[in-house]
$ cat final01.pdb   # PDB, C-alpha atoms, pLDDT in the B column
ATOM      1  CA  MET A   1      13.869  -3.849 -29.190  1.00 38.00           C
ATOM      2  CA  VAL A   2      12.950  -0.601 -27.450  1.00 42.00           C
ATOM      3  CA  ASP A   3       9.988  -0.681 -25.084  1.00 52.00           C
ATOM      4  CA  PRO A   4       7.082   1.093 -26.827  1.00 52.00           C
ATOM      5  CA  VAL A   5       6.268   3.036 -23.662  1.00 54.00           C
ATOM      6  CA  SER A   6       7.976   6.401 -23.785  1.00 55.00           C
ATOM      7  CA  ALA A   7      10.346   7.522 -21.057  1.00 53.00           C
ATOM      8  CA  ARG A   8       8.102  10.509 -20.314  1.00 56.00           C
ATOM      9  CA  GLN A   9       5.176   8.275 -19.411  1.00 52.00           C
ATOM     10  CA  LEU A  10       7.338   6.239 -17.089  1.00 56.00           C
ATOM     11  CA  LYS A  11       8.538   9.421 -15.452  1.00 74.00           C
ATOM     12  CA  ASP A  12       4.944  10.569 -14.979  1.00 88.00           C
ATOM     13  CA  ARG A  13       3.946   7.300 -13.307  1.00 89.00           C
ATOM     14  CA  GLU A  14       6.998   7.407 -11.063  1.00 91.00           C
ATOM     15  CA  LEU A  15       6.361  11.067 -10.266  1.00 93.00           C
ATOM     16  CA  TYR A  16       2.787  10.274  -9.211  1.00 95.00           C
ATOM     17  CA  ARG A  17       4.020   7.535  -6.880  1.00 95.00           C
ATOM     18  CA  LEU A  18       6.666   9.831  -5.439  1.00 94.00           C
ATOM     19  CA  ARG A  19       4.047  12.498  -4.761  1.00 95.00           C
ATOM     20  CA  ALA A  20       1.853   9.883  -3.082  1.00 97.00           C
ATOM     21  CA  GLU A  21       4.745   8.898  -0.823  1.00 97.00           C
ATOM     22  CA  GLN A  22       5.338  12.546   0.031  1.00 97.00           C
ATOM     23  CA  ALA A  23       1.673  13.064   0.851  1.00 98.00           C
ATOM     24  CA  ARG A  24       1.722   9.960   3.103  1.00 98.00           C
ATOM     25  CA  ALA A  25       4.812  11.267   4.903  1.00 98.00           C
ATOM     26  CA  GLN A  26       3.122  14.633   5.414  1.00 98.00           C
ATOM     27  CA  ALA A  27       0.028  12.862   6.761  1.00 98.00           C
ATOM     28  CA  ASP A  28       2.161  10.898   9.203  1.00 98.00           C
ATOM     29  CA  GLU A  29       3.792  14.126  10.420  1.00 98.00           C
ATOM     30  CA  ALA A  30       0.576  16.152  10.637  1.00 97.00           C
ATOM     31  CA  THR A  31      -0.691  17.059  14.072  1.00 97.00           C
ATOM     32  CA  LEU A  32      -4.016  18.473  12.941  1.00 98.00           C
ATOM     33  CA  GLU A  33      -6.702  16.006  11.882  1.00 98.00           C
ATOM     34  CA  ASN A  34      -7.906  18.106   8.941  1.00 98.00           C
ATOM     35  CA  VAL A  35      -4.338  18.367   7.601  1.00 98.00           C
ATOM     36  CA  ARG A  36      -3.838  14.617   7.983  1.00 98.00           C
ATOM     37  CA  GLU A  37      -7.099  13.935   6.120  1.00 98.00           C
ATOM     38  CA  ARG A  38      -6.170  16.352   3.348  1.00 98.00           C
ATOM     39  CA  CYS A  39      -2.792  14.646   2.922  1.00 98.00           C
ATOM     40  CA  LEU A  40      -4.410  11.202   2.841  1.00 98.00           C
ATOM     41  CA  ARG A  41      -6.855  12.390   0.173  1.00 98.00           C
ATOM     42  CA  ALA A  42      -3.923  13.741  -1.816  1.00 98.00           C
ATOM     43  CA  GLU A  43      -2.127  10.405  -1.465  1.00 98.00           C
ATOM     44  CA  ALA A  44      -5.179   8.550  -2.768  1.00 98.00           C
ATOM     45  CA  ALA A  45      -5.471  10.930  -5.716  1.00 98.00           C
ATOM     46  CA  TRP A  46      -1.789  10.532  -6.626  1.00 97.00           C
ATOM     47  CA  MET A  47      -2.053   6.741  -6.401  1.00 98.00           C
ATOM     48  CA  GLU A  48      -5.105   6.780  -8.671  1.00 97.00           C
ATOM     49  CA  MET A  49      -3.219   8.904 -11.203  1.00 96.00           C
ATOM     50  CA  ALA A  50      -0.293   6.448 -11.077  1.00 95.00           C
ATOM     51  CA  ALA A  51      -2.654   3.518 -11.626  1.00 96.00           C
ATOM     52  CA  ARG A  52      -4.333   5.328 -14.525  1.00 95.00           C
ATOM     53  CA  ALA A  53      -0.940   6.087 -16.088  1.00 92.00           C
ATOM     54  CA  GLU A  54       0.042   2.440 -15.770  1.00 93.00           C
ATOM     55  CA  ARG A  55      -3.204   1.272 -17.402  1.00 94.00           C
ATOM     56  CA  THR A  56      -2.642   3.768 -20.212  1.00 93.00           C
ATOM     57  CA  GLU A  57       0.911   2.503 -20.748  1.00 90.00           C
ATOM     58  CA  LYS A  58      -0.302  -1.089 -20.984  1.00 93.00           C
ATOM     59  CA  MET A  59      -3.125  -0.155 -23.345  1.00 95.00           C
ATOM     60  CA  ARG A  60      -0.770   1.762 -25.627  1.00 94.00           C
ATOM     61  CA  ALA A  61       1.723  -1.102 -25.634  1.00 93.00           C
ATOM     62  CA  SER A  62      -0.978  -3.589 -26.606  1.00 95.00           C
ATOM     63  CA  GLN A  63      -2.267  -1.261 -29.342  1.00 96.00           C
ATOM     64  CA  ILE A  64       1.236  -0.877 -30.736  1.00 96.00           C
ATOM     65  CA  ALA A  65       1.726  -4.646 -30.683  1.00 95.00           C
ATOM     66  CA  ALA A  66      -1.609  -5.200 -32.434  1.00 95.00           C
ATOM     67  CA  LYS A  67      -0.746  -2.646 -35.121  1.00 95.00           C
ATOM     68  CA  ALA A  68       2.659  -4.250 -35.651  1.00 94.00           C
ATOM     69  CA  ALA A  69       1.046  -7.676 -35.988  1.00 93.00           C
ATOM     70  CA  ALA A  70      -1.507  -6.318 -38.470  1.00 93.00           C
ATOM     71  CA  LEU A  71       1.245  -4.682 -40.525  1.00 93.00           C
ATOM     72  CA  ALA A  72       3.273  -7.892 -40.535  1.00 91.00           C
ATOM     73  CA  GLU A  73       0.216  -9.853 -41.603  1.00 90.00           C
ATOM     74  CA  ALA A  74      -0.561  -7.351 -44.360  1.00 90.00           C
ATOM     75  CA  ALA A  75       3.051  -7.436 -45.575  1.00 88.00           C
ATOM     76  CA  GLU A  76       2.976 -11.238 -45.621  1.00 87.00           C
ATOM     77  CA  ALA A  77      -0.309 -11.257 -47.541  1.00 86.00           C
ATOM     78  CA  ALA A  78       1.087  -8.779 -50.073  1.00 83.00           C
ATOM     79  CA  GLU A  79       4.072 -10.996 -50.936  1.00 80.00           C
ATOM     80  CA  PRO A  80       3.615 -13.045 -54.088  1.00 72.00           C
ATOM     81  CA  ALA A  81       3.133 -16.768 -53.463  1.00 62.00           C
ATOM     82  CA  LYS A  82       6.143 -18.926 -54.257  1.00 59.00           C
TER      83      LYS A  82
END
$ encode --input "final01.pdb" --output "structure tokens"
Amino acid sequence: MVDPVSARQLKDRELYRLRAEQARAQADEATLENVRERCLRAEAAWMEMAARAERTEKMRASQIAAKAAALAEAAEAAEPAK
């Protein structure tokens, strides 16, 4: 069975993590304190977006599973008793 989470969502989550890694690398290379702080804030924001995307993926997957279970239950209830 295909995972209900779309490939685009996975790419978004991975992109957010990649951007966070890039921001951390820029912070590590920064010589100015204000630049380092800005990069660390950016890293935190990207990580929060990745976490939010992951929560959304899990929520959607559980909603899809619940709908599938409800449909299966409805189909079973609609069958004539033998």
$ residues_around --input "final01.pdb" --residues "range 24-32 of chain A" --least-positions-apart "3" --cutoff "12 Å" --atoms "only C-alpha atoms" --output "PyMOL selection string"
chain A and resi 17-21+35-47
$ write_last_selection --input "final01.pdb" --atoms "C-alpha atoms" --output "PDB file, in the coordinates of the input"
ATOM      1  CA  ARG A  17       4.020   7.535  -6.880  1.00 95.00           C
ATOM      2  CA  LEU A  18       6.666   9.831  -5.439  1.00 94.00           C
ATOM      3  CA  ARG A  19       4.047  12.498  -4.761  1.00 95.00           C
ATOM      4  CA  ALA A  20       1.853   9.883  -3.082  1.00 97.00           C
ATOM      5  CA  GLU A  21       4.745   8.898  -0.823  1.00 97.00           C
ATOM      6  CA  VAL A  35      -4.338  18.367   7.601  1.00 98.00           C
ATOM      7  CA  ARG A  36      -3.838  14.617   7.983  1.00 98.00           C
ATOM      8  CA  GLU A  37      -7.099  13.935   6.120  1.00 98.00           C
ATOM      9  CA  ARG A  38      -6.170  16.352   3.348  1.00 98.00           C
ATOM     10  CA  CYS A  39      -2.792  14.646   2.922  1.00 98.00           C
ATOM     11  CA  LEU A  40      -4.410  11.202   2.841  1.00 98.00           C
ATOM     12  CA  ARG A  41      -6.855  12.390   0.173  1.00 98.00           C
ATOM     13  CA  ALA A  42      -3.923  13.741  -1.816  1.00 98.00           C
ATOM     14  CA  GLU A  43      -2.127  10.405  -1.465  1.00 98.00           C
ATOM     15  CA  ALA A  44      -5.179   8.550  -2.768  1.00 98.00           C
ATOM     16  CA  ALA A  45      -5.471  10.930  -5.716  1.00 98.00           C
ATOM     17  CA  TRP A  46      -1.789  10.532  -6.626  1.00 97.00           C
ATOM     18  CA  MET A  47      -2.053   6.741  -6.401  1.00 98.00           C
TER      19      MET A  47
END
$ atom_distance --input "final01.pdb" --atom1 "CA of Lys11 in chain A" --atom2 "CA of Met59 in chain A"
17.0 Å
$ axis_aligned_box --input "final01.pdb" --around "range 60-73 of chain A" --padding-each-side "4 Å" --output "AutoDock Vina command-line options"
--center_x 0.5 --center_y -4.0 --center_z -33.6 --size_x 13.5 --size_y 19.6 --size_z 24.0
$ resolve_selection --input "final01.pdb" --expression "the PyMOL selection byres ((chain A and resi 53) around 9)" --output "number ranges by chain"
A: 9-10, 12-13, 16, 48-52, 54-58
$ atom_distance --input "final01.pdb" --atom1 "CA of Glu79 in chain A" --atom2 "CA of Gln63 in chain A"
24.5 Å
